[in-house]
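> What follows is coords_6.txt, made up of compact mmCIF, C-alpha atoms:
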```
# COMPACT_ATOMS: atom_id res chain seq x y z
CA MET V 22 229.23 127.87 158.26
CA GLY V 23 225.62 128.82 159.26
CA THR V 24 225.04 125.54 161.16
CA GLU V 25 228.39 125.98 162.93
CA ASN V 26 227.29 129.45 164.00
CA ILE V 27 224.05 128.17 165.52
CA LEU V 28 225.80 125.39 167.37
CA SER V 29 228.40 127.76 168.66
CA LEU V 30 225.77 130.33 169.71
CA GLY V 31 223.60 127.61 171.24
CA GLY V 32 226.58 126.39 173.20
CA ARG V 33 227.35 129.85 174.46
CA LEU V 34 223.76 130.44 175.48
CA GLN V 35 223.65 127.05 177.18
CA LYS V 36 226.71 128.07 179.15
CA LEU V 37 225.02 131.37 180.05
CA LEU V 38 222.05 129.46 181.42
CA GLU V 39 224.30 127.17 183.39
CA LYS V 40 226.03 130.25 184.80
CA THR V 41 222.60 131.77 185.60
CA ASP V 42 221.63 128.62 187.50
CA ALA V 43 224.83 128.88 189.47
CA GLU V 44 224.21 132.57 190.20
CA ALA V 45 220.66 131.80 191.31
CA GLN V 46 221.91 129.03 193.54
CA GLU V 47 224.45 131.43 195.01
CA ILE V 48 221.76 134.05 195.74
CA ILE V 49 219.71 131.43 197.57
CA SER V 50 222.73 130.00 199.39
CA ASP V 51 223.83 133.48 200.49
CA ALA V 52 220.34 134.24 201.81
CA GLN V 53 220.20 130.87 203.56
CA ALA V 54 223.62 131.47 205.13
CA LYS V 55 222.58 134.94 206.25
CA ALA V 56 219.32 133.56 207.65
CA ASP V 57 221.12 130.75 209.47
CA GLU V 58 223.56 133.26 210.93
CA MET V 59 220.71 135.54 212.01
CA VAL V 60 218.91 132.70 213.81
CA ARG V 61 222.16 131.36 215.30
CA GLU V 62 223.03 134.80 216.67
CA ALA V 63 219.52 135.20 218.08
CA LYS V 64 219.78 131.82 219.80
CA GLU V 65 223.19 132.67 221.22
CA GLU V 66 222.02 136.06 222.42
CA SER V 67 218.93 134.47 223.89
CA GLU V 68 220.98 131.86 225.69
CA ARG V 69 223.43 134.48 226.96
CA ARG V 70 220.66 136.70 228.29
CA LEU V 71 218.87 133.83 229.93
CA VAL V 72 222.00 132.62 231.71
CA ARG V 73 222.76 136.17 232.87
CA ALA V 74 219.23 136.49 234.18
CA GLN V 75 219.51 133.15 236.00
CA TYR V 76 222.73 134.23 237.69
CA ARG V 77 221.33 137.72 238.27
CA THR V 78 224.35 139.23 236.53
CA GLY V 79 223.83 142.39 234.54
CA LEU V 80 220.43 142.83 236.11
CA ASP V 81 220.57 146.50 235.14
CA GLU V 82 220.55 145.49 231.49
CA PHE V 83 217.19 143.73 231.90
CA LEU V 84 215.81 146.42 234.11
CA LYS V 85 216.82 149.01 231.54
CA ASP V 86 214.81 147.13 228.93
CA ALA V 87 211.87 146.82 231.30
CA GLU V 88 212.17 150.51 232.10
CA ALA V 89 212.15 151.46 228.43
CA GLU V 90 209.13 149.25 227.85
CA ALA V 91 207.32 150.66 230.88
CA LYS V 92 208.10 154.21 229.74
CA LYS V 93 206.56 153.44 226.37
CA GLU V 94 203.43 152.05 228.02
CA ALA V 95 203.33 154.98 230.45
CA GLU V 96 203.49 157.45 227.58
CA LYS V 97 200.62 155.71 225.85
CA THR V 98 198.58 155.76 229.06
CA ARG V 99 199.36 159.44 229.59
CA LYS V 100 198.15 160.20 226.07
CA ASP V 101 194.99 158.14 226.57
CA TYR V 102 194.15 159.97 229.79
CA ALA V 103 195.00 163.35 228.27
CA LYS V 104 192.58 162.60 225.44
CA GLN V 105 189.82 161.73 227.91
CA VAL V 106 190.54 164.87 229.95
CA GLU V 107 190.43 167.01 226.83
CA LYS V 108 187.09 165.49 225.85
CA ILE V 109 185.63 166.16 229.30
CA LYS V 110 186.88 169.74 229.37
CA ALA V 111 185.26 170.35 226.00
CA ILE V 112 181.74 169.54 227.26
CA PRO V 113 179.69 172.47 226.00
CA GLU V 114 177.80 174.91 228.19
CA ASP V 115 174.35 173.84 226.97
CA ARG V 116 174.97 170.28 228.16
CA VAL V 117 176.12 171.60 231.54
CA LYS V 118 172.89 173.62 231.76
CA GLU V 119 170.85 170.53 230.87
CA ALA V 120 172.55 168.57 233.65
CA ALA V 121 171.99 171.46 236.08
CA GLU V 122 168.32 171.38 235.18
CA LEU V 123 168.22 167.76 236.31
CA LEU V 124 169.44 168.86 239.75
CA VAL V 125 167.07 171.79 239.98
CA ARG V 126 164.08 169.59 239.17
CA GLU V 127 164.96 167.40 242.15
CA VAL V 128 165.44 170.27 244.58
CA LEU V 129 161.78 171.23 244.95
CA PRO V 130 159.47 168.70 246.58
CA LYS V 131 157.10 166.92 244.20
CA MET F 3 213.35 132.56 158.89
CA SER F 4 216.80 134.01 158.19
CA GLN F 5 219.81 132.81 160.15
CA GLU F 6 220.15 136.21 161.86
CA LYS F 7 216.55 136.26 162.99
CA MET F 8 216.88 132.73 164.38
CA ASP F 9 219.97 133.82 166.34
CA ASN F 10 218.23 136.86 167.74
CA ALA F 11 215.18 134.84 168.80
CA LEU F 12 217.39 132.32 170.57
CA ILE F 13 219.29 135.09 172.37
CA ASP F 14 216.04 136.82 173.47
CA LYS F 15 214.63 133.57 174.76
CA THR F 16 217.78 132.78 176.71
CA ILE F 17 217.95 136.26 178.25
CA ASP F 18 214.31 136.03 179.21
CA MET F 19 214.93 132.67 180.84
CA ARG F 20 217.95 134.07 182.72
CA GLY F 21 215.82 136.93 184.03
CA ARG F 22 213.16 134.51 185.22
CA ILE F 23 215.65 132.22 186.95
CA LEU F 24 217.34 135.11 188.77
CA GLY F 25 213.97 136.65 189.66
CA GLU F 26 212.81 133.38 191.21
CA ALA F 27 216.05 133.11 193.15
CA GLU F 28 215.67 136.66 194.53
CA LYS F 29 212.12 135.87 195.56
CA LYS F 30 213.19 132.74 197.36
CA ALA F 31 216.06 134.61 199.06
CA THR F 32 213.64 137.27 200.33
CA TRP F 33 211.30 134.57 201.65
CA ILE F 34 214.20 132.85 203.45
CA LEU F 35 215.26 136.12 205.10
CA THR F 36 211.70 137.02 206.08
CA LYS F 37 211.28 133.63 207.72
CA ALA F 38 214.58 134.11 209.53
CA GLU F 39 213.44 137.51 210.82
CA GLU F 40 210.24 135.93 212.08
CA GLU F 41 212.18 133.15 213.76
CA LYS F 42 214.53 135.71 215.36
CA LYS F 43 211.55 137.66 216.68
CA ARG F 44 209.99 134.48 218.05
CA ILE F 45 213.23 133.52 219.79
CA MET F 46 213.61 136.97 221.35
CA GLU F 47 210.01 137.00 222.54
CA GLN F 48 210.42 133.54 224.00
CA THR F 49 213.60 134.68 225.73
CA HIS F 50 211.85 137.73 227.08
CA LYS F 51 209.14 135.52 228.54
CA SER F 52 211.69 133.17 230.06
CA ILE F 53 213.61 136.10 231.58
CA GLU F 54 210.38 137.48 232.94
CA GLY F 55 209.83 134.16 234.64
CA VAL F 56 213.28 134.31 236.21
CA ILE F 57 213.43 137.95 237.34
CA GLY F 58 209.73 138.69 237.14
CA SER F 59 209.39 140.42 240.48
CA GLU F 60 212.20 142.88 239.73
CA LEU F 61 210.77 143.61 236.29
CA ARG F 62 207.30 144.06 237.66
CA ALA F 63 208.58 146.47 240.27
CA VAL F 64 210.18 148.62 237.56
CA HIS F 65 207.04 148.40 235.46
CA ASP F 66 204.75 149.27 238.34
CA ARG F 67 206.91 152.19 239.41
CA ILE F 68 206.94 153.86 235.99
CA PHE F 69 203.65 152.73 234.48
CA GLY F 70 201.82 152.86 237.82
CA ARG F 71 202.87 156.45 238.38
CA ALA F 72 201.65 157.49 234.93
CA GLN F 73 198.36 155.70 235.50
CA LEU F 74 197.88 157.30 238.90
CA GLU F 75 198.65 160.74 237.51
CA GLY F 76 196.29 160.15 234.57
CA ARG F 77 193.49 159.06 236.90
CA ARG F 78 194.08 162.10 239.08
CA GLN F 79 193.82 164.44 236.10
CA LEU F 80 190.72 162.65 234.88
CA LEU F 81 189.11 162.93 238.29
CA GLU F 82 189.98 166.63 238.47
CA ALA F 83 188.49 167.24 235.03
CA ARG F 84 185.30 165.42 236.05
CA MET F 85 185.09 167.38 239.28
CA GLU F 86 185.60 170.61 237.38
CA VAL F 87 182.63 169.84 235.13
CA LEU F 88 180.49 168.62 238.03
CA ASN F 89 181.29 171.87 239.86
CA ARG F 90 180.21 173.81 236.77
CA VAL F 91 176.93 171.87 236.85
CA TYR F 92 176.51 172.59 240.55
CA ASP F 93 177.27 176.31 240.11
CA GLU F 94 174.79 176.53 237.26
CA ALA F 95 172.13 174.75 239.33
CA HIS F 96 172.90 177.10 242.21
CA GLU F 97 172.26 180.09 239.95
CA GLN F 98 169.05 178.52 238.71
CA ILE F 99 167.65 177.93 242.21
CA LYS F 100 168.53 181.52 243.10
CA ALA F 101 166.53 182.66 240.09
CA MET F 102 163.74 180.31 241.09
CA ALA F 103 163.62 181.64 244.68
CA ALA F 104 163.59 185.17 243.31
CA GLY F 105 160.54 184.27 241.22
CA LYS F 106 162.44 184.65 237.97
CA ARG F 107 161.68 181.19 236.63
CA ARG F 108 158.48 180.72 234.76
CA GLY F 109 156.38 177.63 235.29
CA VAL F 110 157.68 176.99 238.81
CA ASP F 111 155.33 177.37 241.77
CA TYR F 112 158.03 178.24 244.25
CA SER F 113 155.69 179.68 246.87
CA GLY F 114 153.57 176.55 246.79
CA SER F 115 156.75 174.57 247.28
CA LEU F 116 157.45 176.43 250.53
CA ILE F 117 154.33 174.90 252.03
CA LYS F 118 155.38 171.46 250.81
CA LEU F 119 158.80 171.97 252.41
CA ILE F 120 157.14 172.73 255.75
CA ALA F 121 154.89 169.70 255.36
CA GLU F 122 157.98 167.56 254.74
CA ALA F 123 159.58 168.93 257.90
CA ASP F 124 156.42 168.17 259.85
CA GLN F 125 156.46 164.58 258.65
CA ALA F 126 160.08 164.19 259.69
CA MET F 127 159.77 165.91 263.08
CA GLY F 128 156.28 164.85 264.16
CA ASP F 129 155.66 167.75 266.59
CA ASP F 130 152.47 169.76 267.24
CA MET F 131 153.89 173.27 267.00
CA TYR F 132 156.58 174.75 264.83
CA LEU F 133 158.65 177.88 264.43
CA VAL F 134 159.49 178.62 260.81
CA SER F 135 162.39 180.77 259.59
CA ALA F 136 163.02 181.88 256.01
CA ASN F 137 164.62 184.69 254.05
CA ALA F 138 163.01 188.12 254.00
CA LYS F 139 161.08 187.60 250.77
CA ASP F 140 159.70 184.20 251.77
CA LEU F 141 158.81 185.38 255.28
CA THR F 142 156.40 187.88 253.75
CA TYR F 143 154.68 185.11 251.78
CA LEU F 144 154.62 182.71 254.73
CA LYS F 145 153.13 185.33 257.08
CA LYS F 146 150.36 186.03 254.63
CA ASN F 147 149.58 182.34 254.20
CA VAL F 148 150.10 181.00 257.69
CA GLY F 149 146.51 179.71 257.78
CA ASP F 150 146.98 177.64 254.62
CA ILE F 151 150.25 176.28 255.94
CA SER F 152 148.65 175.22 259.20
CA GLU F 153 145.86 173.57 257.29
CA ALA F 154 148.37 171.71 255.11
CA ILE F 155 149.87 170.07 258.20
CA GLY F 156 146.61 169.10 259.86
CA GLY F 157 145.92 172.28 261.76
CA LYS F 158 149.13 172.30 263.80
CA LYS F 159 150.24 175.66 265.13
CA ILE F 160 152.76 177.55 263.04
CA THR F 161 154.73 180.61 264.15
CA ILE F 162 156.63 182.50 261.49
CA LYS F 163 159.76 184.08 262.93
CA GLU F 164 160.26 187.79 262.45
CA THR F 165 163.99 187.79 261.79
CA PRO F 166 164.94 186.71 258.28
CA VAL F 167 167.78 184.26 257.79
CA ASP F 168 170.42 184.51 255.09
CA ILE F 169 169.44 181.64 252.81
CA ILE F 170 168.61 181.46 249.12
CA GLY F 171 165.24 179.93 249.75
CA GLY F 172 163.31 177.22 251.53
CA ILE F 173 162.68 177.08 255.27
CA ILE F 174 164.18 176.18 258.61
CA VAL F 175 161.70 174.57 260.97
CA SER F 176 162.18 173.96 264.67
CA ASN F 177 159.98 172.92 267.56
CA PRO F 178 159.22 175.56 270.22
CA ASP F 179 161.85 174.43 272.74
CA GLY F 180 164.50 174.20 270.02
CA THR F 181 165.33 170.55 270.68
CA LYS F 182 164.50 169.58 267.10
CA SER F 183 165.06 171.46 263.91
CA MET F 184 165.17 170.74 260.22
CA GLU F 185 166.96 172.78 257.64
CA ASN F 186 164.87 172.33 254.53
CA THR F 187 166.57 175.10 252.57
CA LEU F 188 167.13 175.11 248.85
CA GLU F 189 170.92 175.13 249.21
CA ARG F 190 170.83 172.18 251.62
CA ARG F 191 168.51 170.27 249.29
CA LEU F 192 170.69 171.11 246.31
CA GLY F 193 173.71 169.73 248.17
CA VAL F 194 171.89 166.48 248.95
CA VAL F 195 170.58 166.09 245.40
CA ASN F 196 173.99 166.94 243.97
CA ASP F 197 175.66 164.22 246.05
CA ARG F 198 172.99 161.71 245.11
CA LEU F 199 173.05 162.40 241.38
CA GLN F 200 176.79 162.79 240.75
CA THR F 201 177.09 159.43 239.01
CA GLU F 202 173.94 159.95 236.95
CA ILE F 203 175.12 163.38 235.82
CA ALA F 204 178.60 162.11 235.02
CA LYS F 205 176.99 159.39 232.88
CA LYS F 206 174.63 161.85 231.23
CA LEU F 207 177.61 164.00 230.26
CA GLY F 208 179.52 160.98 228.95
CA MET F 209 182.26 161.29 231.56
CA ILE F 210 182.02 157.68 232.75
```
Please re-express this file's structure in structure tokens.

Amino acid sequence: MGTENILSLGGRLQKLLEKTDAEAQEIISDAQAKADEMVREAKEESERRLVRAQYRTGLDEFLKDAEAEAKKEAEKTRKDYAKQVEKIKAIPEDRVKEAAELLVREVLPK
Amino acid sequence: MSQEKMDNALIDKTIDMRGRILGEAEKKATWILTKAEEEKKRIMEQTHKSIEGVIGSELRAVHDRIFGRAQLEGRRQLLEARMEVLNRVYDEAHEQIKAMAAGKRRGVDYSGSLIKLIAEADQAMGDDMYLVSANAKDLTYLKKNVGDISEAIGGKKITIKETPVDIIGGIIVSNPDGTKSMENTLERRLGVVNDRLQTEIAKKLGMI
């Protein structure tokens, strides 16, 4: 009876492992299918956009993208300049006086 | 080992193995999807480049219009900020030369400098006689020291004008017939020095 039990349990566990292998394979296959689909869609979209660009159809679509990109860059540039301006405006009075001194020294003949 | 314990051990081992197999599968699935995302990104970037090649001029025009405007505006604001600081420097220097001309700055021989300013004018003009104008305070000094001034320029004749001129300091020299004159005033000199040293000052203040 005991030996029968082990065999029967072992068999069940063996089946569980086989099922696990199948599940694992399914997880990988699903991911692969999803990945393939993702790449296929990207290629199709790429091809579609390229053809449209070549025929100059839907030019607005591309220009809209370019506009969005340029706006992003413009915003970054604006921030960079604003930072520089802020830094310049914060130059303290004692440094201004030092610089003025440089001018004054040059005003009188040596 | 009892039968029950052997069963339990076998079950634990199998469950552990199942967990490992599924864990490995999940890991591989994540790797596959990550690679796909990377490939998608690469394709889109490549497409973007190809499109740029095809309608580049139109895209550049849009870019230049939006980005160029922001850059221009940024540069303008930067320039204004620099000018604002340089004007503060100039105003401060202006105040300092006023103080200097009024004799309120220690360690500066302003009166002695007046003679040097006349000597400079003499070198530039090369005449034998000069008329010298100055503000009221400096006229008093110049009148008292006209002999020294003449000596400083090789004995040439100097006439100090009676009417003061409205300047901070320095002198205005002319020849007797008025055909030549040189404005060697402090404000004029400050203007010249200020123009000459703008870049140096901007560098000194870390603005460029």
> Between CA of Asp124 in chain F and CA of Arg107 in chain F, measure the distance and give it in Å to one decimal.
27.1 Å
> Hey, which bits of chain F sit within 6 Å of chain V, and for each residue what's the closest pair of atoms and how far apart in Å (one decimal), counting all atoms listed in the file, rows by chain and increasing number, as a Markdown table?

```
| residue | atom | partner | partner_atom | distance |
| --- | --- | --- | --- | --- |
| F:Arg20 | CA | V:Thr41 | CA | 5.9 |
| F:Leu24 | CA | V:Ala45 | CA | 5.3 |
| F:Ala27 | CA | V:Ala45 | CA | 5.1 |
| F:Ala31 | CA | V:Ile49 | CA | 5.1 |
| F:Leu35 | CA | V:Ala56 | CA | 5.4 |
| F:Ala38 | CA | V:Ala56 | CA | 5.1 |
| F:Lys42 | CA | V:Val60 | CA | 5.5 |
| F:Thr49 | CA | V:Ser67 | CA | 5.6 |
| F:Ile53 | CA | V:Leu71 | CA | 6.0 |
| F:His65 | CA | V:Ala91 | CA | 5.1 |
| F:Phe69 | CA | V:Ala95 | CA | 4.6 |
| F:Ala72 | CA | V:Ala95 | CA | 5.4 |
| F:Gly76 | CA | V:Tyr102 | CA | 5.2 |
| F:Leu80 | CA | V:Val106 | CA | 5.4 |
| F:Ala83 | CA | V:Val106 | CA | 6.0 |
| F:Val91 | CA | V:Ala121 | CA | 5.0 |
| F:Glu94 | CA | V:Ala121 | CA | 5.9 |
| F:Ala95 | CA | V:Ala121 | CA | 4.6 |
| F:Arg191 | CA | V:Val128 | CA | 5.6 |
| F:Leu192 | CA | V:Val128 | CA | 5.6 |
```
> Quick check, in Å to one decimal: how far apart do CA of Leu207 in chain F and CA of Leu81 in chain F lie?
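Going from CA of Leu207 in chain F over to CA of Leu81 in chain F covers 14.1 Å.
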> Name the residues in contact with range 186-189 of chain F at a cut-off of 10 Å, using only C-alpha atoms, excluding same-chain residues fewer than 5 positions from it; report them as a VMD selection string.
(chain V and resid 125 128 to 129) or (chain F and resid 95 to 96 99 to 100 102 to 103 116 119 to 120 122 to 123 135 to 137 169 to 175 194 to 195)
> What separation in Å, quoted to one decimal, exists between CA of Lys37 in chain F and CA of Asp18 in chain F?
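CA of Asp18 in chain F lies at a distance of 28.8 Å from CA of Lys37 in chain F.
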> Need the axis-aligned box for range 91-109 of chain F with 5 Å each side, so what are the centre and edges in Å to one decimal, as lines of an AutoDock Vina configuration file?

```
center_x = 166.8
center_y = 178.5
center_z = 239.7
size_x = 30.9
size_y = 23.3
size_z = 19.9
```
> So which one's closest to Met184 in chain F, F:Glu6, F:Gly128, F:Gly70, F:Gly114? Using only C-alpha atoms, please.
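Selected residue with least distance to Met184 in chain F: F:Gly128.
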> With distances taken over only C-alpha atoms, which residue among F:Leu133, F:Glu54, F:Ile34, F:Gly21 lies nearest Lys158 in chain F?
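Closest candidate: F:Leu133.
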